[in-house]
$ cat work-v7.cif   # mmCIF, C-alpha atoms
data_upload
loop_
_atom_site.label_atom_id
_atom_site.label_comp_id
_atom_site.auth_asym_id
_atom_site.auth_seq_id
_atom_site.Cartn_x
_atom_site.Cartn_y
_atom_site.Cartn_z
CA MET Q 1 144.38 101.65 126.59
CA ARG Q 2 141.46 99.62 125.28
CA VAL Q 3 138.80 101.76 123.62
CA PHE Q 4 135.18 100.63 123.40
CA GLU Q 5 132.52 102.09 121.13
CA ASN Q 6 130.12 102.67 124.01
CA LYS Q 7 129.56 101.94 127.68
CA ASN Q 8 127.24 98.98 127.14
CA VAL Q 9 129.82 97.07 125.13
CA LEU Q 10 132.49 97.97 127.69
CA VAL Q 11 130.42 96.74 130.62
CA LYS Q 12 129.65 93.35 129.07
CA GLN Q 13 133.22 92.64 127.98
CA ILE Q 14 135.00 93.86 131.11
CA SER Q 15 132.56 92.03 133.38
CA LYS Q 16 133.47 88.78 131.60
CA GLU Q 17 137.19 89.43 132.13
CA ILE Q 18 136.77 90.30 135.80
CA LEU Q 19 134.63 87.22 136.30
CA LYS Q 20 137.39 85.08 134.79
CA ASP Q 21 139.95 86.58 137.20
CA LEU Q 22 137.68 85.84 140.13
CA GLU Q 23 137.01 82.28 138.95
CA GLU Q 24 140.74 81.61 138.78
CA ALA Q 25 141.23 82.93 142.31
CA VAL Q 26 138.38 80.82 143.72
CA SER Q 27 139.70 77.77 141.90
CA ALA Q 28 143.18 78.29 143.38
CA ASN Q 29 142.30 79.47 146.89
CA GLY Q 30 138.64 78.71 147.55
CA VAL Q 31 137.89 82.44 147.84
CA ALA Q 32 138.51 85.62 145.87
CA THR Q 33 139.04 89.18 147.07
CA ILE Q 34 138.01 92.29 145.18
CA LEU Q 35 138.19 96.02 145.99
CA LEU Q 36 135.56 98.21 144.35
CA SER Q 37 135.46 101.94 143.73
CA GLY Q 38 132.34 104.00 144.22
CA GLY Q 39 130.81 106.48 141.80
CA GLY Q 40 128.50 106.10 138.85
CA THR Q 41 131.15 104.95 136.38
CA PRO Q 42 131.70 101.35 137.59
CA GLY Q 43 128.17 100.74 138.91
CA PRO Q 44 126.89 99.04 135.73
CA ILE Q 45 129.87 96.66 135.84
CA TYR Q 46 128.96 95.64 139.38
CA ARG Q 47 125.35 95.01 138.40
CA GLN Q 48 126.52 92.87 135.49
CA LEU Q 49 128.76 90.87 137.82
CA ASP Q 50 125.84 90.37 140.17
CA LYS Q 51 123.79 89.09 137.25
CA ASP Q 52 126.42 86.73 135.80
CA CYS Q 53 128.41 85.46 138.79
CA SER Q 54 127.24 82.14 140.21
CA PHE Q 55 129.73 82.07 143.11
CA LEU Q 56 129.33 85.45 144.79
CA SER Q 57 129.27 83.80 148.21
CA SER Q 58 132.95 82.93 147.62
CA ILE Q 59 133.94 86.52 146.91
CA HIS Q 60 135.03 88.88 149.66
CA ILE Q 61 134.13 92.41 148.52
CA GLY Q 62 135.82 95.48 149.96
CA LEU Q 63 135.97 99.16 149.05
CA VAL Q 64 138.87 101.01 147.44
CA ASP Q 65 137.82 104.11 149.38
CA GLU Q 66 134.92 105.71 151.20
CA ARG Q 67 133.49 108.97 152.44
CA PHE Q 68 133.44 109.17 156.23
CA VAL Q 69 129.65 109.11 156.47
CA PRO Q 70 127.23 106.49 157.81
CA PRO Q 71 126.52 103.64 155.35
CA SER Q 72 122.95 104.91 155.01
CA ASP Q 73 124.11 108.34 153.79
CA GLU Q 74 123.45 109.25 150.15
CA HIS Q 75 127.20 109.90 149.67
CA SER Q 76 128.23 106.45 150.93
CA ASN Q 77 130.14 104.22 148.51
CA GLU Q 78 129.08 101.20 150.54
CA ARG Q 79 125.45 102.12 150.03
CA LEU Q 80 125.97 102.41 146.27
CA ILE Q 81 127.83 99.10 146.03
CA ARG Q 82 125.26 97.24 148.09
CA SER Q 83 122.55 98.61 145.79
CA CYS Q 84 124.34 96.94 142.86
CA PHE Q 85 124.50 93.52 144.56
CA ARG Q 86 120.94 92.62 145.40
CA ARG Q 87 119.80 89.72 143.20
CA GLN Q 88 120.44 87.27 146.03
CA GLU Q 89 119.61 87.39 149.73
CA ARG Q 90 121.74 89.97 151.53
CA GLY Q 91 123.40 87.29 153.64
CA LYS Q 92 124.90 85.72 150.52
CA TYR Q 93 127.19 88.70 149.97
CA GLN Q 94 130.44 89.26 151.85
CA ILE Q 95 130.72 93.05 151.65
CA SER Q 96 133.08 94.76 154.10
CA GLY Q 97 132.40 98.47 154.44
CA MET Q 98 134.91 101.04 155.64
CA VAL Q 99 132.77 102.94 158.14
CA ILE Q 100 132.38 101.03 161.38
CA ASP Q 101 132.19 104.01 163.78
CA SER Q 102 130.83 107.07 162.00
CA GLU Q 103 131.23 109.22 165.13
CA ASP Q 104 134.93 108.68 165.79
CA SER Q 105 137.31 108.62 162.81
CA LEU Q 106 140.34 107.48 164.84
CA ASN Q 107 138.49 104.57 166.40
CA ASN Q 108 137.02 103.74 163.01
CA LEU Q 109 140.46 103.59 161.43
CA GLU Q 110 141.83 101.31 164.13
CA GLN Q 111 138.95 98.87 163.71
CA LEU Q 112 139.20 99.08 159.94
CA LYS Q 113 142.87 98.06 159.94
CA SER Q 114 141.86 94.68 161.33
CA ARG Q 115 138.83 94.29 159.06
CA TYR Q 116 140.86 95.06 155.93
CA GLN Q 117 143.90 92.96 156.74
CA PRO Q 118 142.80 90.21 154.29
CA PHE Q 119 142.73 92.77 151.47
CA ILE Q 120 146.08 94.24 152.53
CA GLU Q 121 147.63 90.77 152.44
CA ASN Q 122 146.06 89.72 149.14
CA THR Q 123 143.65 91.27 146.66
CA ASP Q 124 142.83 89.49 143.44
CA VAL Q 125 141.07 92.33 141.62
CA VAL Q 126 140.93 96.10 142.03
CA ILE Q 127 138.54 98.26 140.03
CA LEU Q 128 139.60 101.90 139.94
CA GLY Q 129 137.98 105.04 138.65
CA MET Q 130 139.67 108.41 138.24
CA GLY Q 131 138.61 111.94 139.04
CA LYS Q 132 139.06 114.86 136.64
CA ASP Q 133 141.86 116.07 138.95
CA GLY Q 134 143.72 112.79 138.46
CA HIS Q 135 142.94 111.36 141.89
CA ILE Q 136 142.45 107.64 142.37
CA ALA Q 137 140.79 106.02 145.38
CA SER Q 138 140.78 108.88 147.91
CA ILE Q 139 144.38 109.81 147.18
CA PHE Q 140 144.24 113.43 146.10
CA PRO Q 141 146.72 115.93 144.63
CA LYS Q 142 147.98 118.43 147.25
CA ASP Q 143 146.46 116.64 150.25
CA VAL Q 144 149.20 116.17 152.87
CA THR Q 145 148.39 112.56 153.81
CA SER Q 146 147.76 111.63 150.18
CA GLU Q 147 151.16 112.97 149.15
CA LEU Q 148 152.82 110.91 151.88
CA ILE Q 149 150.92 107.80 150.76
CA ARG Q 150 152.15 108.44 147.22
CA LYS Q 151 155.75 109.03 148.23
CA GLU Q 152 156.02 105.96 150.46
CA LYS Q 153 153.67 103.72 148.44
CA SER Q 154 152.01 103.00 151.77
CA GLU Q 155 150.06 99.82 152.45
CA GLY Q 156 147.07 99.73 154.74
CA VAL Q 157 144.13 102.09 155.23
CA PHE Q 158 144.28 105.83 155.85
CA THR Q 159 142.20 108.97 156.34
CA THR Q 160 142.62 111.77 153.81
CA LEU Q 161 140.97 115.07 152.93
CA ALA Q 162 139.15 115.66 149.65
CA PRO Q 163 138.78 119.06 147.98
CA LEU Q 164 134.99 118.60 147.83
CA HIS Q 165 132.25 117.62 150.28
CA PRO Q 166 132.28 115.23 152.07
CA LYS Q 167 135.88 116.19 152.78
CA LYS Q 168 136.84 113.47 155.26
CA ARG Q 169 137.72 110.27 153.41
CA ILE Q 170 139.06 106.77 154.03
CA THR Q 171 141.26 105.03 151.49
CA CYS Q 172 143.35 101.98 150.81
CA GLY Q 173 146.99 102.96 150.45
CA LEU Q 174 148.74 103.12 147.12
CA GLY Q 175 150.90 100.13 148.05
CA THR Q 176 147.84 98.00 148.80
CA LEU Q 177 146.29 98.84 145.44
CA LEU Q 178 149.52 98.24 143.54
CA LYS Q 179 149.89 94.75 145.04
CA ALA Q 180 146.62 93.52 143.55
CA LYS Q 181 146.96 90.72 141.02
CA ASN Q 182 144.68 92.46 138.51
CA ILE Q 183 143.97 96.19 138.26
CA TYR Q 184 141.26 97.67 136.06
CA LEU Q 185 140.97 101.41 135.48
CA VAL Q 186 137.64 102.43 133.94
CA ILE Q 187 137.21 105.96 132.56
CA TYR Q 188 134.65 107.71 130.38
CA GLY Q 189 134.99 110.92 128.38
CA LYS Q 190 137.63 112.96 126.56
CA GLU Q 191 138.43 115.20 129.53
CA LYS Q 192 139.52 112.31 131.73
CA ARG Q 193 141.42 110.72 128.86
CA GLU Q 194 143.47 113.91 128.41
CA VAL Q 195 144.32 113.95 132.11
CA LEU Q 196 145.29 110.30 132.02
CA LEU Q 197 147.64 110.74 129.07
CA ASN Q 198 149.31 113.91 130.36
CA ASP Q 199 151.84 112.35 132.73
CA GLU Q 200 153.77 115.63 132.98
CA LYS Q 201 151.24 116.66 135.62
CA ASN Q 202 152.44 113.81 137.88
CA LEU Q 203 149.07 113.10 139.45
CA PRO Q 204 148.10 110.10 141.60
CA ILE Q 205 146.84 108.20 138.57
CA HIS Q 206 150.30 108.46 137.02
CA ASP Q 207 151.81 106.73 140.08
CA VAL Q 208 149.71 103.67 139.27
CA LEU Q 209 150.56 103.73 135.58
CA ARG Q 210 154.29 104.02 136.28
CA GLU Q 211 154.37 101.23 138.85
CA ARG Q 212 152.07 98.76 137.08
CA THR Q 213 152.61 98.57 133.34
CA ASP Q 214 150.09 95.71 133.20
CA ILE Q 215 147.16 97.78 134.43
CA LYS Q 216 144.08 97.31 132.25
CA VAL Q 217 142.97 100.80 131.16
CA ILE Q 218 139.42 100.68 129.85
CA TYR Q 219 137.90 103.67 128.03
CA ALA Q 220 134.66 104.62 126.33
CA GLU Q 221 134.08 108.07 124.87
CA ASN Q 222 130.33 107.86 124.39
CA ASP Q 223 127.34 106.31 126.13
#
$ encode --input "work-v7.cif" --output "structure tokens"
Amino acid sequence: MRVFENKNVLVKQISKEILKDLEEAVSANGVATILLSGGGTPGPIYRQLDKDCSFLSSIHIGLVDERFVPPSDEHSNERLIRSCFRRQERGKYQISGMVIDSEDSLNNLEQLKSRYQPFIENTDVVILGMGKDGHIASIFPKDVTSELIRKEKSEGVFTTLAPLHPKKRITCGLGTLLKAKNIYLVIYGKEKREVLLNDEKNLPIHDVLRERTDIKVIYAEND
């Protein structure tokens, strides 16, 4: 675990490292793929990337997970992420949301499988957060589908149920996340740190830590 004195220092340093990973991918393949988590924790990192990255048109941005709500909804991760990438014209960004049909979850999932195939095949960077219950992405403790995803290390995209509103979620599978070339986990606060370090609880976050010993765990206690 890398500990930073405050969030501002963390954001500047980690943004540089992520940018380097993306530059290497673009240099090797012409494009880079990145999966982003929602929530307030990583938002400043995304805004810093938007400020510093000169090749955003070569980056294919997807979501680690999403609430099953329209992209205009206040709970939408896509809405939050798009709000962080706005220094250039909207057409410059390649952002692939997870909600295509907000009225039919089964149809949405079928369409999403095709849209997210590039990420399933290859993702250069994943940025994860963690809930206080130890969930990552929308893979939750005690949720039936989530437990199956954990057990089988499933690749692809899935629908799960969260303990809080909005309950219906969409998530990349654990196997898809674990395949990423670079994984960053960003957490703030003592409470989350205690959950992270207590692997006796065997929560979804501990699956990632067991399977990928090279995960970059980034922590700041204070603002």
$ resolve_selection --input "work-v7.cif" --expression "the PyMOL selection byres ((chain Q and resi 151) around 12)" --output "list in words"
Ile139, Pro141, Val144, Thr145, Ser146, Glu147, Leu148, Ile149, Arg150, Glu152, Lys153, Ser154, Glu155, Gly173, Leu174, Gly175, Asn202, Leu203, Pro204 and Asp207 of chain Q
$ resolve_selection --input "work-v7.cif" --expression "the PyMOL selection byres ((chain Q and resi 14-28) around 12)" --output "JSON, numbers by chain"
{"Q": [2, 3, 4, 7, 8, 9, 10, 11, 12, 13, 29, 30, 31, 32, 33, 34, 35, 36, 42, 43, 44, 45, 46, 47, 48, 49, 50, 51, 52, 53, 54, 55, 56, 57, 58, 59, 60, 61, 122, 123, 124, 125, 126, 127, 180, 181, 182, 183, 184, 185, 186, 216, 217, 218, 219, 220]}
$ write_last_selection --input "work-v7.cif" --atoms "C-alpha atoms" --output "short mmCIF file (atom, residue, chain, number, x, y, z; two decimals), in the coordinates of the input"
data_model
loop_
_atom_site.label_atom_id
_atom_site.label_comp_id
_atom_site.auth_asym_id
_atom_site.auth_seq_id
_atom_site.Cartn_x
_atom_site.Cartn_y
_atom_site.Cartn_z
CA ARG Q 2 141.46 99.62 125.28
CA VAL Q 3 138.80 101.76 123.62
CA PHE Q 4 135.18 100.63 123.40
CA LYS Q 7 129.56 101.94 127.68
CA ASN Q 8 127.24 98.98 127.14
CA VAL Q 9 129.82 97.07 125.13
CA LEU Q 10 132.49 97.97 127.69
CA VAL Q 11 130.42 96.74 130.62
CA LYS Q 12 129.65 93.35 129.07
CA GLN Q 13 133.22 92.64 127.98
CA ASN Q 29 142.30 79.47 146.89
CA GLY Q 30 138.64 78.71 147.55
CA VAL Q 31 137.89 82.44 147.84
CA ALA Q 32 138.51 85.62 145.87
CA THR Q 33 139.04 89.18 147.07
CA ILE Q 34 138.01 92.29 145.18
CA LEU Q 35 138.19 96.02 145.99
CA LEU Q 36 135.56 98.21 144.35
CA PRO Q 42 131.70 101.35 137.59
CA GLY Q 43 128.17 100.74 138.91
CA PRO Q 44 126.89 99.04 135.73
CA ILE Q 45 129.87 96.66 135.84
CA TYR Q 46 128.96 95.64 139.38
CA ARG Q 47 125.35 95.01 138.40
CA GLN Q 48 126.52 92.87 135.49
CA LEU Q 49 128.76 90.87 137.82
CA ASP Q 50 125.84 90.37 140.17
CA LYS Q 51 123.79 89.09 137.25
CA ASP Q 52 126.42 86.73 135.80
CA CYS Q 53 128.41 85.46 138.79
CA SER Q 54 127.24 82.14 140.21
CA PHE Q 55 129.73 82.07 143.11
CA LEU Q 56 129.33 85.45 144.79
CA SER Q 57 129.27 83.80 148.21
CA SER Q 58 132.95 82.93 147.62
CA ILE Q 59 133.94 86.52 146.91
CA HIS Q 60 135.03 88.88 149.66
CA ILE Q 61 134.13 92.41 148.52
CA ASN Q 122 146.06 89.72 149.14
CA THR Q 123 143.65 91.27 146.66
CA ASP Q 124 142.83 89.49 143.44
CA VAL Q 125 141.07 92.33 141.62
CA VAL Q 126 140.93 96.10 142.03
CA ILE Q 127 138.54 98.26 140.03
CA ALA Q 180 146.62 93.52 143.55
CA LYS Q 181 146.96 90.72 141.02
CA ASN Q 182 144.68 92.46 138.51
CA ILE Q 183 143.97 96.19 138.26
CA TYR Q 184 141.26 97.67 136.06
CA LEU Q 185 140.97 101.41 135.48
CA VAL Q 186 137.64 102.43 133.94
CA LYS Q 216 144.08 97.31 132.25
CA VAL Q 217 142.97 100.80 131.16
CA ILE Q 218 139.42 100.68 129.85
CA TYR Q 219 137.90 103.67 128.03
CA ALA Q 220 134.66 104.62 126.33
#
$ resolve_selection --input "work-v7.cif" --expression "the PyMOL selection byres ((chain Q and resi 135) around 10)" --output "count of residues only"
18
$ atom_distance --input "work-v7.cif" --atom1 "atom CA of Lys168 of chain Q" --atom2 "atom CA of Ser83 of chain Q"
22.7 Å
$ closest_residue --input "work-v7.cif" --among "Q:Lys179, Q:Arg169, Q:Lys190, Q:Arg210" --to "Pro70 of chain Q" --atoms "only C-alpha atoms"
Q:Arg169
$ closest_residue --input "work-v7.cif" --among "Q:Gln94, Q:Asn6, Q:Asn198, Q:Asn108" --to "Leu63 of chain Q" --atoms "all atoms listed in the file"
Q:Gln94
$ closest_residue --input "work-v7.cif" --among "Q:Arg212, Q:Arg79, Q:Arg90, Q:His165" --to "Gly38 of chain Q" --atoms "all atoms listed in the file"
Q:Arg79
$ atom_distance --input "work-v7.cif" --atom1 "atom CA of Ile95 of chain Q" --atom2 "atom CA of Gly62 of chain Q"
5.9 Å
$ closest_residue --input "work-v7.cif" --among "Q:Leu128, Q:Ile170, Q:Ile215, Q:Leu197" --to "Tyr116 of chain Q" --atoms "all atoms listed in the file"
Q:Ile170
$ residues_around --input "work-v7.cif" --residues "Cys172 of chain Q" --least-positions-apart "5" --cutoff "6 Å" --atoms "only C-alpha atoms" --output "list of chain:residue names"
Q:Val64, Q:Gly156, Q:Val157
$ closest_residue --input "work-v7.cif" --among "Q:Lys192, Q:Leu106, Q:Thr171, Q:Ser37" --to "Ile81 of chain Q" --atoms "all atoms listed in the file"
Q:Ser37
$ residues_near_point --input "work-v7.cif" --point "(133.7, 97.1, 162.0)" --cutoff "10 Å" --atoms "all atoms listed in the file" --output "PyMOL selection string"
chain Q and resi 96-101+107-116
$ axis_aligned_box --input "work-v7.cif" --around "segment 155-167 of chain Q" --padding-each-side "6 Å" --output "JSON"
{"center_x": 141.2, "center_y": 109.4, "center_z": 152.1, "size_x": 29.8, "size_y": 31.3, "size_z": 20.5}
$ closest_residue --input "work-v7.cif" --among "Q:Gly39, Q:Gly189, Q:Gly91, Q:Pro163" --to "His75 of chain Q" --atoms "all atoms listed in the file"
Q:Gly39
$ atom_distance --input "work-v7.cif" --atom1 "atom CA of Leu209 of chain Q" --atom2 "atom CA of Val195 of chain Q"
12.5 Å
$ decode --input "work-v7.cif" --residues "segment 45-151 of chain Q" --atoms "C-alpha atoms" --output "compact mmCIF listing (two decimals), in the first residue's frame"
# COMPACT_ATOMS: atom_id res chain seq x y z
CA ILE Q 45 -8.03 11.80 -10.85
CA TYR Q 46 -10.18 11.79 -13.97
CA ARG Q 47 -10.23 15.58 -14.09
CA GLN Q 48 -6.45 15.64 -13.77
CA LEU Q 49 -6.13 13.15 -16.62
CA ASP Q 50 -8.41 15.31 -18.72
CA LYS Q 51 -6.18 18.28 -17.98
CA ASP Q 52 -2.83 16.57 -18.64
CA CYS Q 53 -3.52 14.02 -21.39
CA SER Q 54 -2.80 15.21 -24.92
CA PHE Q 55 -4.03 12.03 -26.65
CA LEU Q 56 -7.48 11.41 -25.19
CA SER Q 57 -8.88 10.73 -28.65
CA SER Q 58 -6.74 7.55 -28.66
CA ILE Q 59 -8.19 6.28 -25.39
CA HIS Q 60 -11.28 4.10 -25.27
CA ILE Q 61 -12.98 4.74 -21.93
CA GLY Q 62 -15.40 2.27 -20.38
CA LEU Q 63 -17.02 1.83 -16.99
CA VAL Q 64 -16.13 -0.72 -14.32
CA ASP Q 65 -19.79 -0.76 -13.28
CA GLU Q 66 -23.00 1.21 -13.46
CA ARG Q 67 -26.40 1.72 -11.88
CA PHE Q 68 -29.22 0.63 -14.17
CA VAL Q 69 -30.56 4.16 -14.66
CA PRO Q 70 -30.63 6.46 -17.70
CA PRO Q 71 -27.32 8.27 -18.34
CA SER Q 72 -29.01 11.55 -17.42
CA ASP Q 73 -29.93 10.29 -13.93
CA GLU Q 74 -28.13 11.82 -10.94
CA HIS Q 75 -27.01 8.32 -9.86
CA SER Q 76 -25.41 7.50 -13.22
CA ASN Q 77 -21.68 6.74 -13.22
CA GLU Q 78 -21.55 7.61 -16.91
CA ARG Q 79 -22.93 11.04 -16.15
CA LEU Q 80 -20.27 11.60 -13.47
CA ILE Q 81 -17.42 10.41 -15.70
CA ARG Q 82 -18.53 12.53 -18.64
CA SER Q 83 -18.62 15.54 -16.32
CA CYS Q 84 -14.93 14.95 -15.56
CA PHE Q 85 -13.93 14.83 -19.25
CA ARG Q 86 -15.09 18.08 -20.75
CA ARG Q 87 -12.06 20.24 -21.63
CA GLN Q 88 -12.33 19.18 -25.27
CA GLU Q 89 -15.29 18.88 -27.61
CA ARG Q 90 -17.51 15.96 -26.65
CA GLY Q 91 -16.79 14.18 -29.93
CA LYS Q 92 -13.11 13.90 -29.00
CA TYR Q 93 -13.87 11.45 -26.20
CA GLN Q 94 -14.53 7.75 -26.74
CA ILE Q 95 -16.68 6.96 -23.71
CA SER Q 96 -18.75 3.77 -23.80
CA GLY Q 97 -21.54 3.76 -21.25
CA MET Q 98 -23.22 0.65 -19.88
CA VAL Q 99 -26.86 1.66 -20.19
CA ILE Q 100 -28.08 1.38 -23.77
CA ASP Q 101 -31.72 0.42 -23.06
CA SER Q 102 -32.82 1.76 -19.67
CA GLU Q 103 -36.26 0.14 -20.02
CA ASP Q 104 -35.22 -3.47 -20.58
CA SER Q 105 -32.31 -4.85 -18.54
CA LEU Q 106 -32.07 -8.12 -20.47
CA ASN Q 107 -31.93 -6.38 -23.84
CA ASN Q 108 -29.47 -3.89 -22.40
CA LEU Q 109 -27.16 -6.66 -21.23
CA GLU Q 110 -27.21 -8.39 -24.61
CA GLN Q 111 -26.28 -5.18 -26.42
CA LEU Q 112 -23.66 -4.36 -23.81
CA LYS Q 113 -21.86 -7.67 -24.31
CA SER Q 114 -21.03 -6.61 -27.86
CA ARG Q 115 -20.14 -3.03 -26.92
CA TYR Q 116 -17.76 -4.16 -24.17
CA GLN Q 117 -16.05 -6.95 -26.06
CA PRO Q 118 -12.93 -4.79 -26.66
CA PHE Q 119 -12.56 -4.29 -22.90
CA ILE Q 120 -13.18 -7.98 -22.21
CA GLU Q 121 -10.44 -8.90 -24.68
CA ASN Q 122 -7.93 -6.30 -23.47
CA THR Q 123 -7.92 -3.55 -20.88
CA ASP Q 124 -4.77 -1.57 -20.23
CA VAL Q 125 -5.83 0.20 -17.03
CA VAL Q 126 -8.55 -0.37 -14.43
CA ILE Q 127 -9.25 2.15 -11.67
CA LEU Q 128 -11.14 0.62 -8.76
CA GLY Q 129 -12.72 2.06 -5.66
CA MET Q 130 -14.01 0.07 -2.71
CA GLY Q 131 -17.14 0.30 -0.61
CA LYS Q 132 -17.14 0.12 3.19
CA ASP Q 133 -18.65 -3.37 2.84
CA GLY Q 134 -15.64 -4.49 0.80
CA HIS Q 135 -17.42 -4.53 -2.56
CA ILE Q 136 -15.57 -3.65 -5.75
CA ALA Q 137 -17.22 -2.70 -9.04
CA SER Q 138 -20.82 -3.85 -8.49
CA ILE Q 139 -19.74 -7.19 -7.04
CA PHE Q 140 -21.30 -7.29 -3.59
CA PRO Q 141 -21.04 -9.58 -0.56
CA LYS Q 142 -24.07 -11.91 -0.24
CA ASP Q 143 -25.55 -11.07 -3.66
CA VAL Q 144 -26.24 -14.35 -5.49
CA THR Q 145 -24.90 -13.31 -8.90
CA SER Q 146 -21.93 -11.52 -7.33
CA GLU Q 147 -20.97 -14.64 -5.39
CA LEU Q 148 -21.09 -16.69 -8.59
CA ILE Q 149 -18.93 -14.10 -10.38
CA ARG Q 150 -16.43 -14.34 -7.53
CA LYS Q 151 -16.38 -18.11 -7.46
